[in-house]
Amino acid sequence: MTTTELQAVVQELGEPGYRGKQLANWIYAKAVSDFDQMLDLPKAFREKLAEQYVVNPLCVADHKRSTDNVDKLLVHNGDEQVYECVLLPYEDRVSCCVSSQVGCPMGCTFCATGMGGFDRNLDASEIVGQYLLLQSLSPKRIGHIVMMGMGEPLLNLDQVLKALRILHEEVGLSYRHMTISTVGLVPQIKQLAKEKLPIHLALSLHSPRDEVRDRLMPVNHKWPVEEVVGTMKDYHRATGRKVTFEYLLIDRVNDDEQQAAELAQLVKGVPNVINLIPFNWVDTGHGFKRPERERVKAFRRVLESKGVNVTERVERGHDIAAACGQLAGMHQGRFARRDRTSEIPLSSS
Ligand code: SF4
């Protein structure tokens with residue numbers, strides 16, 4: 001809820017409107033999750049609130065901390081549908097990665113979450129709830145959020161945008177520090193561009209060739225490489241934001257120098273960065289492997305020789321199964337695929 005919505009709630013309960021601001025301050029500025037700790041509210045009012053509301057709907061099913069200080073939470077709302085969020089402290093900032101769906105219907109063949117099938121969309125309270133839980137673990141303010149956990153955020157765009165608005169207005173996060181990662185749903189990218197918010201958009205590209213991307217990401221059959229990359233370029237023109245192309249490097253599938261050269265050609269024309277991610281091994285039954293270091297270096301060299309900005313994801317939380325869907329999969333033992341990928345249509349338009 002926004003402060004305005006909280007003010008309406010407190011007034012309904014017979015309290016003055018300014019109590020809504022006090023509540024917002026406890027919830028969003030102090031990340032307090034228990035009404036009893038909100039000591040400037042009268043006790044009787046705190047009890048009344050606790051009878052009818054919860055501050056954060058999420059319960060923690062599992063909490064792991066890696067040797068490099070990454071916290072990963074597996075959360076649920078009192079049922080068996082678990083989803084993940086991760087706290088990522090860096091030297092100069094604290095970031096977090098949250099989920100937008102329980103499971104995912106997109107069926108990417110390299111992904112642990114994709115193997116588990118789809119359960120449901122998360123609502124805005126569950127997305128904001130992940131941020132607040134993680135904030136309660138962090139002594140420093142979380143200033144960045146990436147929608148890169150379980151699920152395809154653009155299949156749940158209304159609730160994702162509602163959550164990001166609350167984080168912007170109530171917590172004070174800059175839209176410029178928010179990233180949405182997508183497999184490339186063209187109608188929803190266009191819809192997001194119309195919002196004219198400076199949200200950073202990252203496309204999981206993974207190959208400049210349709211025949212390779214088809215194999216990795218079923219979505220490519222619907223919106224092939226040229227079309228989705230063109231839509232990303234339009235997104236840059238609409239928002240002014242540099243776009244990111246995520247590129248998972250899989251041994252002998254998409255990591256050869258010829259594909260690097262084609263990739264450099266493909267992304268030309270707008271400010272962009274290519275983020276290389278050597279495959280974080282998970283057995284999805286397709287025999288995918290992580291490339292050797294020399295192949296990663298050679299791929300990067302080709303891109304850089306053609307003037308492309310390249311970053312390489314620093315791997316964190318390896319010892320706690322921090323890649324998307326790995327912890328949930330281990331918890332549920334649900335790596336056996338459920339055939340539920342067609343429950344959500346690929347296009348909402
Ligand atoms: S990579 Fe992302 S979009 Fe693809 S199946 Fe996994 S969670 Fe879904």
# chains A, B, ... in the order shown; residues from 1 in each chain; ligands from 1
$ closest_atom_pairs --of "region 172-201 of chain A" --to "region 102-123 of chain A" --cutoff "12 Å" --atoms "only C-alpha atoms" --output "Markdown table"
| residue | atom | partner | partner_atom | distance |
| --- | --- | --- | --- | --- |
| A:Thr182 | CA | A:Met106 | CA | 10.4 |
| A:Val183 | CA | A:Met106 | CA | 8.2 |
| A:Gly184 | CA | A:Met106 | CA | 10.6 |
| A:Leu185 | CA | A:Met106 | CA | 10.5 |
$ residues_around --residues "Tyr83 (chain A)" --least-positions-apart "2" --cutoff "9 Å" --atoms "only C-alpha atoms" --output "PDB file with all heavy atoms, in the first residue's frame"
ATOM      1  N   LEU A  73      16.929 -16.080   0.209  1.00  0.00           N
ATOM      2  CA  LEU A  73      15.747 -16.498   0.958  1.00  0.00           C
ATOM      3  C   LEU A  73      14.812 -17.263   0.053  1.00  0.00           C
ATOM      4  O   LEU A  73      14.598 -16.891  -1.112  1.00  0.00           O
ATOM      5  CB  LEU A  73      14.987 -15.277   1.502  1.00  0.00           C
ATOM      6  CG  LEU A  73      15.715 -14.354   2.466  1.00  0.00           C
ATOM      7  CD1 LEU A  73      14.771 -13.240   2.926  1.00  0.00           C
ATOM      8  CD2 LEU A  73      16.238 -15.123   3.666  1.00  0.00           C
ATOM      9  N   LEU A  74      14.256 -18.318   0.616  1.00  0.00           N
ATOM     10  CA  LEU A  74      13.173 -19.039  -0.055  1.00  0.00           C
ATOM     11  C   LEU A  74      11.923 -18.696   0.747  1.00  0.00           C
ATOM     12  O   LEU A  74      11.880 -18.939   1.957  1.00  0.00           O
ATOM     13  CB  LEU A  74      13.483 -20.529   0.012  1.00  0.00           C
ATOM     14  CG  LEU A  74      12.657 -21.427  -0.867  1.00  0.00           C
ATOM     15  CD1 LEU A  74      12.931 -21.125  -2.331  1.00  0.00           C
ATOM     16  CD2 LEU A  74      13.005 -22.884  -0.577  1.00  0.00           C
ATOM     17  N   VAL A  75      10.941 -18.105   0.092  1.00  0.00           N
ATOM     18  CA  VAL A  75       9.788 -17.587   0.837  1.00  0.00           C
ATOM     19  C   VAL A  75       8.491 -18.199   0.315  1.00  0.00           C
ATOM     20  O   VAL A  75       8.440 -18.761  -0.777  1.00  0.00           O
ATOM     21  CB  VAL A  75       9.724 -16.042   0.751  1.00  0.00           C
ATOM     22  CG1 VAL A  75      10.929 -15.416   1.409  1.00  0.00           C
ATOM     23  CG2 VAL A  75       9.593 -15.572  -0.695  1.00  0.00           C
ATOM     24  N   HIS A  76       7.441 -18.051   1.114  1.00  0.00           N
ATOM     25  CA  HIS A  76       6.110 -18.529   0.709  1.00  0.00           C
ATOM     26  C   HIS A  76       5.071 -17.736   1.487  1.00  0.00           C
ATOM     27  O   HIS A  76       5.399 -16.965   2.387  1.00  0.00           O
ATOM     28  CB  HIS A  76       5.983 -20.028   0.978  1.00  0.00           C
ATOM     29  CG  HIS A  76       6.057 -20.381   2.438  1.00  0.00           C
ATOM     30  ND1 HIS A  76       4.958 -20.441   3.248  1.00  0.00           N
ATOM     31  CD2 HIS A  76       7.123 -20.643   3.241  1.00  0.00           C
ATOM     32  CE1 HIS A  76       5.321 -20.749   4.479  1.00  0.00           C
ATOM     33  NE2 HIS A  76       6.643 -20.870   4.495  1.00  0.00           N
ATOM     34  N   GLN A  81       3.901 -23.063  -2.264  1.00  0.00           N
ATOM     35  CA  GLN A  81       4.448 -22.407  -3.448  1.00  0.00           C
ATOM     36  C   GLN A  81       5.584 -21.487  -3.022  1.00  0.00           C
ATOM     37  O   GLN A  81       5.350 -20.392  -2.508  1.00  0.00           O
ATOM     38  CB  GLN A  81       3.343 -21.616  -4.150  1.00  0.00           C
ATOM     39  CG  GLN A  81       2.248 -22.549  -4.668  1.00  0.00           C
ATOM     40  CD  GLN A  81       1.171 -21.806  -5.414  1.00  0.00           C
ATOM     41  OE1 GLN A  81       0.936 -20.616  -5.196  1.00  0.00           O
ATOM     42  NE2 GLN A  81       0.496 -22.498  -6.298  1.00  0.00           N
ATOM     43  N   CYS A  85      14.391 -14.937  -3.349  1.00  0.00           N
ATOM     44  CA  CYS A  85      14.933 -13.576  -3.493  1.00  0.00           C
ATOM     45  C   CYS A  85      16.338 -13.555  -2.886  1.00  0.00           C
ATOM     46  O   CYS A  85      16.648 -14.368  -2.015  1.00  0.00           O
ATOM     47  CB  CYS A  85      14.028 -12.536  -2.858  1.00  0.00           C
ATOM     48  SG  CYS A  85      13.572 -12.856  -1.148  1.00  0.00           S
ATOM     49  N   VAL A  98      14.754 -10.100  -7.101  1.00  0.00           N
ATOM     50  CA  VAL A  98      13.481 -10.639  -6.601  1.00  0.00           C
ATOM     51  C   VAL A  98      12.731 -11.362  -7.719  1.00  0.00           C
ATOM     52  O   VAL A  98      12.988 -11.172  -8.911  1.00  0.00           O
ATOM     53  CB  VAL A  98      12.595  -9.520  -5.992  1.00  0.00           C
ATOM     54  CG1 VAL A  98      13.334  -8.765  -4.900  1.00  0.00           C
ATOM     55  CG2 VAL A  98      12.104  -8.554  -7.056  1.00  0.00           C
ATOM     56  N   SER A  99      11.763 -12.178  -7.302  1.00  0.00           N
ATOM     57  CA  SER A  99      10.961 -12.961  -8.240  1.00  0.00           C
ATOM     58  C   SER A  99       9.672 -12.219  -8.594  1.00  0.00           C
ATOM     59  O   SER A  99       9.160 -11.421  -7.799  1.00  0.00           O
ATOM     60  CB  SER A  99      10.594 -14.306  -7.614  1.00  0.00           C
ATOM     61  OG  SER A  99      11.744 -15.068  -7.373  1.00  0.00           O
ATOM     62  N   SER A 100       9.140 -12.535  -9.770  1.00  0.00           N
ATOM     63  CA  SER A 100       7.868 -11.936 -10.199  1.00  0.00           C
ATOM     64  C   SER A 100       6.763 -12.985 -10.345  1.00  0.00           C
ATOM     65  O   SER A 100       5.597 -12.645 -10.478  1.00  0.00           O
ATOM     66  CB  SER A 100       8.061 -11.219 -11.540  1.00  0.00           C
ATOM     67  OG  SER A 100       8.594 -12.114 -12.503  1.00  0.00           O
ATOM     68  N   GLN A 101       7.151 -14.259 -10.361  1.00  0.00           N
ATOM     69  CA  GLN A 101       6.176 -15.339 -10.486  1.00  0.00           C
ATOM     70  C   GLN A 101       6.636 -16.513  -9.616  1.00  0.00           C
ATOM     71  O   GLN A 101       7.823 -16.621  -9.297  1.00  0.00           O
ATOM     72  CB  GLN A 101       6.082 -15.832 -11.943  1.00  0.00           C
ATOM     73  CG  GLN A 101       5.633 -14.761 -12.925  1.00  0.00           C
ATOM     74  CD  GLN A 101       5.495 -15.288 -14.349  1.00  0.00           C
ATOM     75  OE1 GLN A 101       6.410 -15.915 -14.870  1.00  0.00           O
ATOM     76  NE2 GLN A 101       4.352 -15.022 -14.966  1.00  0.00           N
ATOM     77  N   VAL A 102       5.703 -17.392  -9.266  1.00  0.00           N
ATOM     78  CA  VAL A 102       6.088 -18.660  -8.651  1.00  0.00           C
ATOM     79  C   VAL A 102       6.249 -19.634  -9.802  1.00  0.00           C
ATOM     80  O   VAL A 102       5.292 -19.944 -10.501  1.00  0.00           O
ATOM     81  CB  VAL A 102       5.022 -19.179  -7.670  1.00  0.00           C
ATOM     82  CG1 VAL A 102       5.525 -20.445  -6.983  1.00  0.00           C
ATOM     83  CG2 VAL A 102       4.662 -18.122  -6.639  1.00  0.00           C
ATOM     84  N   GLY A 103       7.504 -20.078 -10.017  1.00  0.00           N
ATOM     85  CA  GLY A 103       7.797 -20.860 -11.217  1.00  0.00           C
ATOM     86  C   GLY A 103       7.822 -19.945 -12.422  1.00  0.00           C
ATOM     87  O   GLY A 103       7.863 -18.711 -12.289  1.00  0.00           O
ATOM     88  N   GLY A 149      14.708 -12.759 -10.705  1.00  0.00           N
ATOM     89  CA  GLY A 149      14.548 -14.011  -9.965  1.00  0.00           C
ATOM     90  C   GLY A 149      13.657 -14.961 -10.752  1.00  0.00           C
ATOM     91  O   GLY A 149      13.705 -15.013 -11.989  1.00  0.00           O
ATOM     92  N   MET A 150      12.809 -15.689 -10.046  1.00  0.00           N
ATOM     93  CA  MET A 150      11.934 -16.639 -10.740  1.00  0.00           C
ATOM     94  C   MET A 150      10.871 -15.889 -11.523  1.00  0.00           C
ATOM     95  O   MET A 150      10.288 -14.918 -11.047  1.00  0.00           O
ATOM     96  CB  MET A 150      11.273 -17.572  -9.728  1.00  0.00           C
ATOM     97  CG  MET A 150      12.259 -18.493  -9.030  1.00  0.00           C
ATOM     98  SD  MET A 150      11.534 -19.334  -7.625  1.00  0.00           S
ATOM     99  CE  MET A 150      10.615 -20.619  -8.462  1.00  0.00           C
ATOM    100  N   GLY A 325      16.155 -20.324  -9.386  1.00  0.00           N
ATOM    101  CA  GLY A 325      15.368 -21.555  -9.368  1.00  0.00           C
ATOM    102  C   GLY A 325      16.074 -22.751  -8.759  1.00  0.00           C
ATOM    103  O   GLY A 325      15.445 -23.761  -8.478  1.00  0.00           O
ATOM    104  N   LEU A 327      17.574 -23.138  -5.727  1.00  0.00           N
ATOM    105  CA  LEU A 327      17.227 -23.433  -4.336  1.00  0.00           C
ATOM    106  C   LEU A 327      15.783 -23.917  -4.235  1.00  0.00           C
ATOM    107  O   LEU A 327      15.497 -24.887  -3.533  1.00  0.00           O
ATOM    108  CB  LEU A 327      17.442 -22.178  -3.472  1.00  0.00           C
ATOM    109  CG  LEU A 327      17.284 -22.385  -1.964  1.00  0.00           C
ATOM    110  CD1 LEU A 327      18.287 -23.400  -1.442  1.00  0.00           C
ATOM    111  CD2 LEU A 327      17.445 -21.069  -1.221  1.00  0.00           C
ATOM    112  N   ALA A 328      14.886 -23.271  -4.958  1.00  0.00           N
ATOM    113  CA  ALA A 328      13.482 -23.702  -4.930  1.00  0.00           C
ATOM    114  C   ALA A 328      13.360 -25.126  -5.446  1.00  0.00           C
ATOM    115  O   ALA A 328      12.619 -25.945  -4.913  1.00  0.00           O
ATOM    116  CB  ALA A 328      12.619 -22.761  -5.775  1.00  0.00           C
TER     117      ALA A 328
END
$ closest_residue --among "A:Pro218, A:Pro224, A:Pro139, A:Pro16" --to "ligand 1" --atoms "only C-alpha atoms and all ligand atoms"
A:Pro218
$ residues_around --residues "region 39-54 of chain A" --least-positions-apart "2" --cutoff "10 Å" --atoms "only C-alpha atoms" --output "ChimeraX atom specification"
/A:9-10,13-15,19,22-23,26,33-37,56-58
$ write_last_selection --atoms "all heavy atoms" --output "CSV table (one decimal), in the first residue's frame"
chain,number,residue,atom,x,y,z
A,9,VAL,N,-6.8,3.5,5.3
A,9,VAL,CA,-7.1,2.3,6.2
A,9,VAL,C,-7.2,2.8,7.6
A,9,VAL,O,-8.1,2.4,8.3
A,9,VAL,CB,-5.9,1.3,6.0
A,9,VAL,CG1,-5.9,0.3,7.2
A,9,VAL,CG2,-6.0,0.5,4.7
A,10,VAL,N,-6.2,3.7,8.0
A,10,VAL,CA,-6.3,4.1,9.4
A,10,VAL,C,-7.5,4.9,9.7
A,10,VAL,O,-8.1,4.8,10.8
A,10,VAL,CB,-5.0,4.9,9.9
A,10,VAL,CG1,-3.8,4.0,9.7
A,10,VAL,CG2,-4.8,6.2,9.1
A,13,LEU,N,-10.4,2.8,10.4
A,13,LEU,CA,-10.3,2.2,11.8
A,13,LEU,C,-10.5,3.3,12.9
A,13,LEU,O,-10.2,3.0,14.0
A,13,LEU,CB,-8.9,1.5,11.9
A,13,LEU,CG,-8.7,0.3,11.0
A,13,LEU,CD1,-7.3,-0.2,11.2
A,13,LEU,CD2,-9.7,-0.8,11.3
A,14,GLY,N,-10.8,4.5,12.4
A,14,GLY,CA,-11.2,5.5,13.4
A,14,GLY,C,-10.0,6.3,13.9
A,14,GLY,O,-10.1,7.0,15.0
A,15,GLU,N,-8.8,6.3,13.3
A,15,GLU,CA,-7.6,7.0,13.7
A,15,GLU,C,-7.4,8.2,12.8
A,15,GLU,O,-7.8,8.2,11.6
A,15,GLU,CB,-6.4,6.1,13.6
A,15,GLU,CG,-6.4,4.9,14.6
A,15,GLU,CD,-6.1,5.4,16.1
A,15,GLU,OE1,-5.3,6.3,16.3
A,15,GLU,OE2,-6.7,4.8,17.0
A,19,ARG,N,-1.6,8.9,11.1
A,19,ARG,CA,-1.1,7.6,11.5
A,19,ARG,C,-0.7,6.8,10.3
A,19,ARG,O,0.2,5.9,10.4
A,19,ARG,CB,-2.2,6.9,12.3
A,19,ARG,CG,-2.6,7.5,13.6
A,19,ARG,CD,-2.0,6.7,14.8
A,19,ARG,NE,-2.4,7.3,16.0
A,19,ARG,CZ,-1.6,8.0,16.8
A,19,ARG,NH1,-0.4,8.2,16.5
A,19,ARG,NH2,-2.1,8.5,18.0
A,22,GLN,N,2.9,7.5,9.8
A,22,GLN,CA,3.7,6.8,10.8
A,22,GLN,C,3.9,5.4,10.4
A,22,GLN,O,5.0,4.8,10.4
A,22,GLN,CB,3.0,6.9,12.1
A,22,GLN,CG,3.1,8.3,12.8
A,22,GLN,CD,2.3,8.3,14.1
A,22,GLN,OE1,1.1,8.1,14.1
A,22,GLN,NE2,3.0,8.6,15.2
A,23,LEU,N,2.8,4.8,9.9
A,23,LEU,CA,2.8,3.4,9.5
A,23,LEU,C,3.8,3.2,8.3
A,23,LEU,O,4.7,2.3,8.3
A,23,LEU,CB,1.5,2.9,9.0
A,23,LEU,CG,0.6,2.1,10.0
A,23,LEU,CD1,-0.8,1.9,9.3
A,23,LEU,CD2,1.2,0.8,10.4
A,26,TRP,N,7.4,3.3,9.4
A,26,TRP,CA,7.9,2.0,10.0
A,26,TRP,C,8.1,0.9,9.0
A,26,TRP,O,9.1,0.2,9.0
A,26,TRP,CB,6.8,1.5,11.0
A,26,TRP,CG,6.9,2.2,12.4
A,26,TRP,CD1,5.9,3.0,12.9
A,26,TRP,CD2,7.9,2.1,13.3
A,26,TRP,NE1,6.3,3.5,14.1
A,26,TRP,CE2,7.5,3.0,14.4
A,26,TRP,CE3,9.1,1.5,13.4
A,26,TRP,CZ2,8.3,3.1,15.6
A,26,TRP,CZ3,9.9,1.6,14.6
A,26,TRP,CH2,9.5,2.5,15.6
A,33,SER,N,8.5,-5.3,10.6
A,33,SER,CA,7.5,-6.2,10.0
A,33,SER,C,6.5,-6.6,11.1
A,33,SER,O,5.6,-7.4,10.8
A,33,SER,CB,8.1,-7.4,9.4
A,33,SER,OG,8.8,-8.1,10.4
A,34,ASP,N,6.6,-6.0,12.3
A,34,ASP,CA,5.7,-6.4,13.4
A,34,ASP,C,5.0,-5.1,13.9
A,34,ASP,O,5.7,-4.2,14.3
A,34,ASP,CB,6.5,-7.1,14.4
A,34,ASP,CG,5.7,-7.7,15.5
A,34,ASP,OD1,4.5,-7.4,15.6
A,34,ASP,OD2,6.2,-8.5,16.3
A,35,PHE,N,3.7,-5.1,13.9
A,35,PHE,CA,3.0,-3.9,14.4
A,35,PHE,C,3.5,-3.6,15.9
A,35,PHE,O,3.5,-2.4,16.3
A,35,PHE,CB,1.5,-4.1,14.4
A,35,PHE,CG,0.9,-4.2,13.0
A,35,PHE,CD1,0.3,-5.3,12.6
A,35,PHE,CD2,1.0,-3.0,12.2
A,35,PHE,CE1,-0.3,-5.3,11.3
A,35,PHE,CE2,0.4,-3.1,10.9
A,35,PHE,CZ,-0.2,-4.2,10.5
A,36,ASP,N,3.8,-4.6,16.7
A,36,ASP,CA,4.2,-4.4,18.0
A,36,ASP,C,5.4,-3.6,18.2
A,36,ASP,O,5.6,-3.0,19.3
A,36,ASP,CB,4.4,-5.8,18.7
A,36,ASP,CG,3.4,-6.0,19.8
A,36,ASP,OD1,2.5,-5.1,20.0
A,36,ASP,OD2,3.5,-7.0,20.5
A,37,GLN,N,6.2,-3.5,17.2
A,37,GLN,CA,7.5,-2.7,17.3
A,37,GLN,C,7.3,-1.3,16.9
A,37,GLN,O,8.2,-0.4,17.0
A,37,GLN,CB,8.5,-3.3,16.3
A,37,GLN,CG,9.0,-4.7,16.8
A,37,GLN,CD,9.9,-5.3,15.7
A,37,GLN,OE1,10.5,-4.6,14.9
A,37,GLN,NE2,10.0,-6.6,15.7
A,56,ASN,N,3.9,-7.8,6.3
A,56,ASN,CA,4.5,-8.5,5.2
A,56,ASN,C,3.9,-9.9,5.1
A,56,ASN,O,4.0,-10.6,6.0
A,56,ASN,CB,6.0,-8.5,5.4
A,56,ASN,CG,6.8,-9.0,4.1
A,56,ASN,OD1,6.2,-9.7,3.3
A,56,ASN,ND2,8.0,-8.5,4.0
A,57,PRO,N,3.3,-10.2,3.9
A,57,PRO,CA,2.7,-11.5,3.8
A,57,PRO,C,3.6,-12.7,3.7
A,57,PRO,O,3.2,-13.9,3.8
A,57,PRO,CB,1.8,-11.4,2.5
A,57,PRO,CG,2.6,-10.4,1.7
A,57,PRO,CD,3.2,-9.5,2.7
A,58,LEU,N,4.9,-12.5,3.6
A,58,LEU,CA,5.8,-13.6,3.3
A,58,LEU,C,6.4,-14.3,4.6
A,58,LEU,O,6.7,-13.6,5.6
A,58,LEU,CB,7.0,-13.0,2.5
A,58,LEU,CG,6.7,-12.2,1.3
A,58,LEU,CD1,8.0,-12.0,0.5
A,58,LEU,CD2,5.6,-12.9,0.5
$ select_by_dssp --residues "region 114-291 of chain A" --states "alpha helix (DSSP H)" --output "MDAnalysis selection string"
chainID A and resid 114:116 124:137 157:166 186:194 210:216 225:239 257:266
$ closest_residue --among "A:Leu263, A:Val273, A:Ile27, A:Leu154" --to "ligand 1" --atoms "only C-alpha atoms and all ligand atoms"
A:Leu154
$ closest_residue --among "A:Ala61, A:Val314, A:Val225, A:Leu249" --to "Ala298 (chain A)" --atoms "only C-alpha atoms"
A:Leu249
$ atom_distance --atom1 "CA of Asp214 (chain A)" --atom2 "CA of Asp158 (chain A)"
27.7 Å
$ atom_distance --atom1 "CA of Thr244 (chain A)" --atom2 "CA of Ala260 (chain A)"
15.6 Å
